[in-house]
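Chemist: Below: one structure in structure tokens.
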Amino acid sequence: MRHLLSMEDLETDEILTLLTTAESMHDVQRREVKKLPTLRGRTIVNLFFEDSTRTRSSFEIAGKWLSADVINISGKGSSTSKGESLRDTVLTVAAMGVDGLVIRHHASGAARQVSQWVDASIVNAGDGMHEHPTQALLDAYTMRRALGDLAGRHVAIVGDLTHSRVLRSNLICLARLGARVTVVAPPTLMPSGIGTWAAAEGFETSYDLDAVLPSADAVMMLRVQRERMSGGFFPTPREYTVGYGLTRDRLRLLQDHTVICHPGPMNRGLEIAADAADAARSLILDQVSAGVAVRMSVLYHLLAGGSAEPAARAGAQRTGATTVHEGVS
Amino acid sequence: MTRPDIVVPPAGSDDEPGQTAPTSSSARVVMGSGDVSRALRRVAHEILERNKGAHGLVVLGIPTRGVALARRLVQVMAEVEGVTVPVGALDITMHRDDLRRQPVRAIEHTDIPAPGIDDRTVVLVDDVLFSGRTVRAALDSLADLGRPRAVRLAVLVDRGHRDLPIRADHVGKNLPTSSSERVQVLLSEHDGVDEVRISGGNR
Amino acid sequence: MSTATTLLVKGADLAGAGAGDLLVRDGVVVEVGSVSAPRDAEVIDADGLVALPGLVDLHTHLREPGREDAETIATGAAAAAVGGYTAILAMANTTPVTDTAEAAERIAELGARTGLVDVQPIGAVTKGLAGEELAELGLMARSRARVRVFSDDGHCVHDARVMRRALEYVRAFDGVISQHAQEPRLADGAACCHEGELSGRLGLPGWPGVAEEVIVARDVMLARHTGSRVHIAHVSTAGSVEVLRWARSQGVAVTAEVTPHHLLLTTDLLSGYDPTFKVNPPLRPAEDVEALRAALADGTIDAVATDHAPHARHDKEHAFVDAAFGMLGLETALPVVSEVMVASGLLDWAGVAQVMSVRPARIAGLAGHGRPLAVGEPANLTLVDPQAQVTVDRDASMSLSRNNPWHGRTLRGAVHATVLRGRPTVLKGALA
């Protein structure tokens with residue numbers, strides 16, 4: 001695997017391999033010596049054009065626990081009328097000799113564009129409203145640890161769908177793992193073209209949260225920004241909470257085994273009640289802990305290996321000894 | 001955009017990555033099923049003798065086939081001493097020194113049994129001892145997990161050609177080979193039969 | 001540059017009306033038909049070529065003054081000539097904005113100095129393109145630049161009252177407002193991808209077709225109410241076409257233009273987030289492209305206009321939402337129209353003459369352009385090789401910029417020669 005730009009880049013078996021590796025990585029977190037030598041000598045730059053202490057620290061710890069050299073660079077927000085072009089910015093960083101570039105940017109598609117300009121392996125840590133693949137992977141990891149195999153499970157994703165990159169990555173990841181997904185939002189917060197999109201990809205849409213919750217095995221609440229109010233997407237926070245918030249009352253609609261997720265940061269009281277966030281069935285803190293393990297897994301799979309093609313494996317020389325393999329000189 | 005691949009190498013003798021059982025007619029069997037079980041029995045006795053019993057032992061197999069061998073050794077020891085020695089697995093992928101030379105490998109399972117390894121005598125078990133790099137990686141991996149009182153190495157086959165100053169304490173069979181030959185260990189748990197084969201070579 | 005004052009174009013297909021020769025003396029067509037070459041004449045062998053009246057572009061961005069790193073009047077004029085144009089109208093969104101007589105005269109003068117193409121400045125509708133107060137429309141009209149077309153292009157004149165005043169005011173000198181139709185409350189400055197399933201999947205801010213259509217609908221009603229002419233720039237949706245059709249049936253004095261890229265390129269080109277395809281209005285789905293072609297063929301849309309929008313490389317080397325809007329178009333317009341409209345039989349060459357020369361000249365009030373190929377008319381000509389296959393190479397361009405969406409495409413039809421008042425500016429596809 002060269003880059004992780006989008007969940008579209010991963011087939012089901014690759015997702016499962018990443019999650020399995022993450023389990024081994026998770027064990028490392030519990031040891032006294034939280035260090036593996038695997039990425040020693042590799043340099044990783046966290047190039048964040050958008051602030052995110054949480055995600056950036058998660059990637060930083062992940063790289064450091066694998067013994068990589070990790071550097072954080074805060075990219076200036078570049079626009080056409082001032083400052084460096086995005087291309088110039090990333091070329092400058094890459095010229096310092098970087099193996100892996102973890103990029104978060106406010107613009108959808110930025111990670112893919114960057115991957116065309118530099119040689120390093122690129123991890124998309126969130127590009128605008130487009131995708132956040134490691135978030136989807138850690139969400140899947142966390143849900144699987146709680147629920148087991150996700151095939152046939154019903155996952156409800158609720159909130160500001162239009163502006164959510166977590167949604168887009170999760171839709172792809174959950175589909176590849178065989179889960180059934182229903183997305184819930186008021187009409188103004190559903191992405192354009194969602195009707196044809198849902199029909200094409202096989203997920204459901206609903207405006208009625210109360211109707212969807214009873215059959216859900218997992219409920220994923222997405223953050224709703226209060227700023228969306230000024231865009232006229234919904235009248236008041238109060239009205240949003242009554243219609244689409246995971247309130248204390250709505251907890252009663254859930255089945256006993258149903259779990260609650262949230263990618264964070266949470267607006268307690270807006271999209272999720274404190275009781276829900278702190279409930280025993282809430283996986284929110286598990287998601288954070290899983291984040292490091294999953295990111296270690298991703299960094300491992302992107303950066304540990306060499307560039308040898310699979311076909312060349314058969315001819316790989318054993319260090320210090322020559323072993324002749326069949327058919328290969 | 002080319003689809004990236006996560007490569008899962010097929011199971012094979014660990015010192016020779018990526019091999020599958022050959023169907024070459026030049027392979028010759030140097031240990032049959034009876035030879036293997038006798039060798040394991042003797043190794044289990046040797047471990048107990050050296051340790052003066054089963055006290056404080058932890059047996060860790062190096063995946064893939066080292067794990068099955070470890071379990072078999074522990075079973076013999078239980079027959080002899082009436083005690084079940086803790087047994088587990090130690091994946092060494094993350095500590096390999098040749099990661100950059102190949103596509104990324106999937107990680108195997110590490111399972112350290114209940115009492116841990118601190119102050120214990122750890123017996124590492126592998127099927128073939130060749131360059132010694134696998135064992136070096138295992139020692140590094142152990143160092144991250146704790147501080148054993150002692151570490152011993154038991155292997156089914158020692159085929160020579162060490163790159164590092166590493167030696168086995170207990171050897172099922174010494175097999176002098178030329179470096180161009182290939183040694184294959186097949187175990188019934190994985191391959192349906194117990195056998196050690198040698199193939200290839202410039203003859 | 002040729003210095004002969006006598007030019008003979010031999011054996012061309014005259015705007016699809018059959019083969020003939022054109023003899024030009026002192027910038028005027030003096031003989032049409034079967035002509036033997038006078039001794040001093042420069043001869044262009046036009047066997048196999050189609051002769052059109054010189055092309056006229058209602059919508060070009062020359063970045064001078066202000067962004068001469070992206071294009072100058074000289075380089076833009078060269079690109080225009082190579083594209084077969086004898087006249088281009090230069091949009092007002094320069095720095096400073098062309099909102100005074102002096103600014104307009106300066107651009108006209110720089111254009112005249114190139115000797116390659118007639119550069120007609122467009123004046124801003126509002127001061128500084130701010131959309132609030134009318135610019136000195138009358139003074140610009142009276143100036144030596146003789147401005148007749150006014151536009152805030154880049155921005156929509158979104159305030160209904162300001163648009164009404166503008167429509168009324170320009171009647172005094174037979175001017176016309178060219179409207180960039182984009183209701184900012186429905187599609188703001190961040191909007192960059194046709195609003196639909198693709199924008200949802202890609203996470204790009206949507207630019208719904210209705211944001212254009214509500215302005216087109218409003219402005220044709222205002223034009224009807226005020227009895228004025230209105231022109232709609234770069235029409236991009238089937239819905240806008242419907243409104244235009246209705247308005248014409250009601251006798252409203254509305255004209256409209258479409259760009260070459262909206263006739264062929266579709267929104268799915270945005271899936272790779274390549275800013276080369278970022279343009280305003282955005283590329284639309286196939287249904288809209290089909291409707292635009294049909295509208296151009298049946299006259300609901302009057303003209304093709306390039307909206308040539310050069311950008312320095314670094315202004316496009318940004319994330320998609322941050323990159324500048326716009327594509328080059330002058331040098332590829334004729335091949336694209338030939339490929340899309342002529343090869344498919346939607347237009348013949350006489351039709352191309354109408355949409356790329358005659359009607360634009362009339363809309364712009366350029367008396368010397370878009371004239372018939374007849375005796376007594378100014379010799380502004382474009383000779384087209386309808387069979388030539390051209391693979392577009394963005395690096396082989398007269399423009400200073402390289403934001404070319406056609407790079408690597410093969411198009412059928414190429415400009416062979418361009419003649420400005422009897423003088424060839426382009427021969428064999430290159431500057432003469």
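The chains in the structure tokens are called A, B, ... from first to last as shown; in each chain the residues are counted from 1, and the ligands are counted from 1 in the order shown.
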Taking only C-alpha atoms into account, find every residue of chain C that has an atom no more than 7 Å from chain A, and write it out as a list in words.

Modeler: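 Interface list for chain C against chain A: Glu195, Gly196, Glu197, Gly200, Leu202, Gly203, Leu204, Tyr273, His314, Asp315, Glu317, His318, Ala319, Phe320, Val321, Asp322, Ala323 and Ala324 of chain C.
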
Chemist: Convert the current residue selection to file output with N, CA and C atoms, as a JSON list (two decimals), in the first residue's frame.

Modeler:
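selection.json was written with the following content:
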```
[["chain", "number", "residue", "atom", "x", "y", "z"],
["C", 195, "GLU", "N", -23.91, 21.16, -8.19],
["C", 195, "GLU", "CA", -24.53, 20.53, -7.04],
["C", 195, "GLU", "C", -25.32, 19.31, -7.48],
["C", 196, "GLY", "N", -24.90, 18.16, -6.98],
["C", 196, "GLY", "CA", -25.55, 16.92, -7.39],
["C", 196, "GLY", "C", -24.88, 15.79, -6.66],
["C", 197, "GLU", "N", -25.05, 14.58, -7.13],
["C", 197, "GLU", "CA", -24.48, 13.43, -6.42],
["C", 197, "GLU", "C", -22.96, 13.53, -6.32],
["C", 200, "GLY", "N", -21.77, 15.85, -3.66],
["C", 200, "GLY", "CA", -22.01, 15.22, -2.36],
["C", 200, "GLY", "C", -20.91, 14.23, -2.03],
["C", 202, "LEU", "N", -17.87, 13.97, -3.40],
["C", 202, "LEU", "CA", -16.53, 14.53, -3.33],
["C", 202, "LEU", "C", -16.36, 15.50, -2.17],
["C", 203, "GLY", "N", -17.49, 15.93, -1.57],
["C", 203, "GLY", "CA", -17.37, 16.89, -0.48],
["C", 203, "GLY", "C", -16.98, 18.26, -0.97],
["C", 204, "LEU", "N", -17.39, 18.62, -2.20],
["C", 204, "LEU", "CA", -17.10, 19.96, -2.73],
["C", 204, "LEU", "C", -18.35, 20.83, -2.62],
["C", 273, "TYR", "N", -10.27, 15.89, -8.66],
["C", 273, "TYR", "CA", -9.96, 17.16, -7.99],
["C", 273, "TYR", "C", -8.92, 17.98, -8.76],
["C", 314, "HIS", "N", 0.79, 29.13, -10.34],
["C", 314, "HIS", "CA", 0.66, 28.96, -8.89],
["C", 314, "HIS", "C", -0.75, 29.25, -8.42],
["C", 315, "ASP", "N", -1.55, 29.95, -9.21],
["C", 315, "ASP", "CA", -2.93, 30.20, -8.79],
["C", 315, "ASP", "C", -3.82, 28.98, -9.00],
["C", 317, "GLU", "N", -2.29, 25.80, -8.59],
["C", 317, "GLU", "CA", -1.66, 24.70, -7.85],
["C", 317, "GLU", "C", -2.06, 24.71, -6.39],
["C", 318, "HIS", "N", -3.33, 24.77, -6.18],
["C", 318, "HIS", "CA", -3.89, 24.76, -4.84],
["C", 318, "HIS", "C", -4.87, 23.61, -4.74],
["C", 319, "ALA", "N", -5.30, 23.32, -3.50],
["C", 319, "ALA", "CA", -6.42, 22.42, -3.34],
["C", 319, "ALA", "C", -7.58, 22.96, -4.17],
["C", 320, "PHE", "N", -8.43, 22.07, -4.64],
["C", 320, "PHE", "CA", -9.47, 22.44, -5.59],
["C", 320, "PHE", "C", -10.30, 23.63, -5.13],
["C", 321, "VAL", "N", -10.74, 23.60, -3.89],
["C", 321, "VAL", "CA", -11.61, 24.69, -3.46],
["C", 321, "VAL", "C", -10.87, 26.02, -3.36],
["C", 322, "ASP", "N", -9.56, 25.97, -3.26],
["C", 322, "ASP", "CA", -8.79, 27.21, -3.13],
["C", 322, "ASP", "C", -8.27, 27.72, -4.47],
["C", 323, "ALA", "N", -8.27, 26.89, -5.49],
["C", 323, "ALA", "CA", -7.66, 27.27, -6.77],
["C", 323, "ALA", "C", -8.50, 28.32, -7.49],
["C", 324, "ALA", "N", -7.88, 29.03, -8.43],
["C", 324, "ALA", "CA", -8.59, 30.05, -9.19],
["C", 324, "ALA", "C", -9.55, 29.40, -10.19]]
```

Chemist: From a DSSP pass on the backbone, collect the residues of region 8-194 of chain A flagged as alpha helix (DSSP H) and hand them back as a ChimeraX atom specification.

Modeler: /A:12-29,53-65,86-94,110-115,133-147,165-176,194

Chemist: May I have the residues within 8 Å of region 172-181 of chain C as an MDAnalysis selection string, using only C-alpha atoms and disregarding those fewer than 6 positions away in the same chain?

Modeler: chainID C and resid 125 138 141 147:157 166 211:213 215:216 229:234 363:364

Chemist: Which neighbours of region 104-117 of chain B fall inside 8 Å, counting only C-alpha atoms, when residues of the same chain fewer than 4 positions from it are skipped, and could you give them as number ranges by chain?

Modeler: A: 17, 21, 24, 300-302, 304-306; B: 6-9, 58, 60, 63, 86-91, 93-94, 99, 121-122, 145-148

Chemist: Mind giving me the straight-line distance from CA of Ala17 (chain C) to CA of Ser357 (chain C) in Å, one decimal?

Modeler: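 Distance between the two atoms: 16.0 Å.
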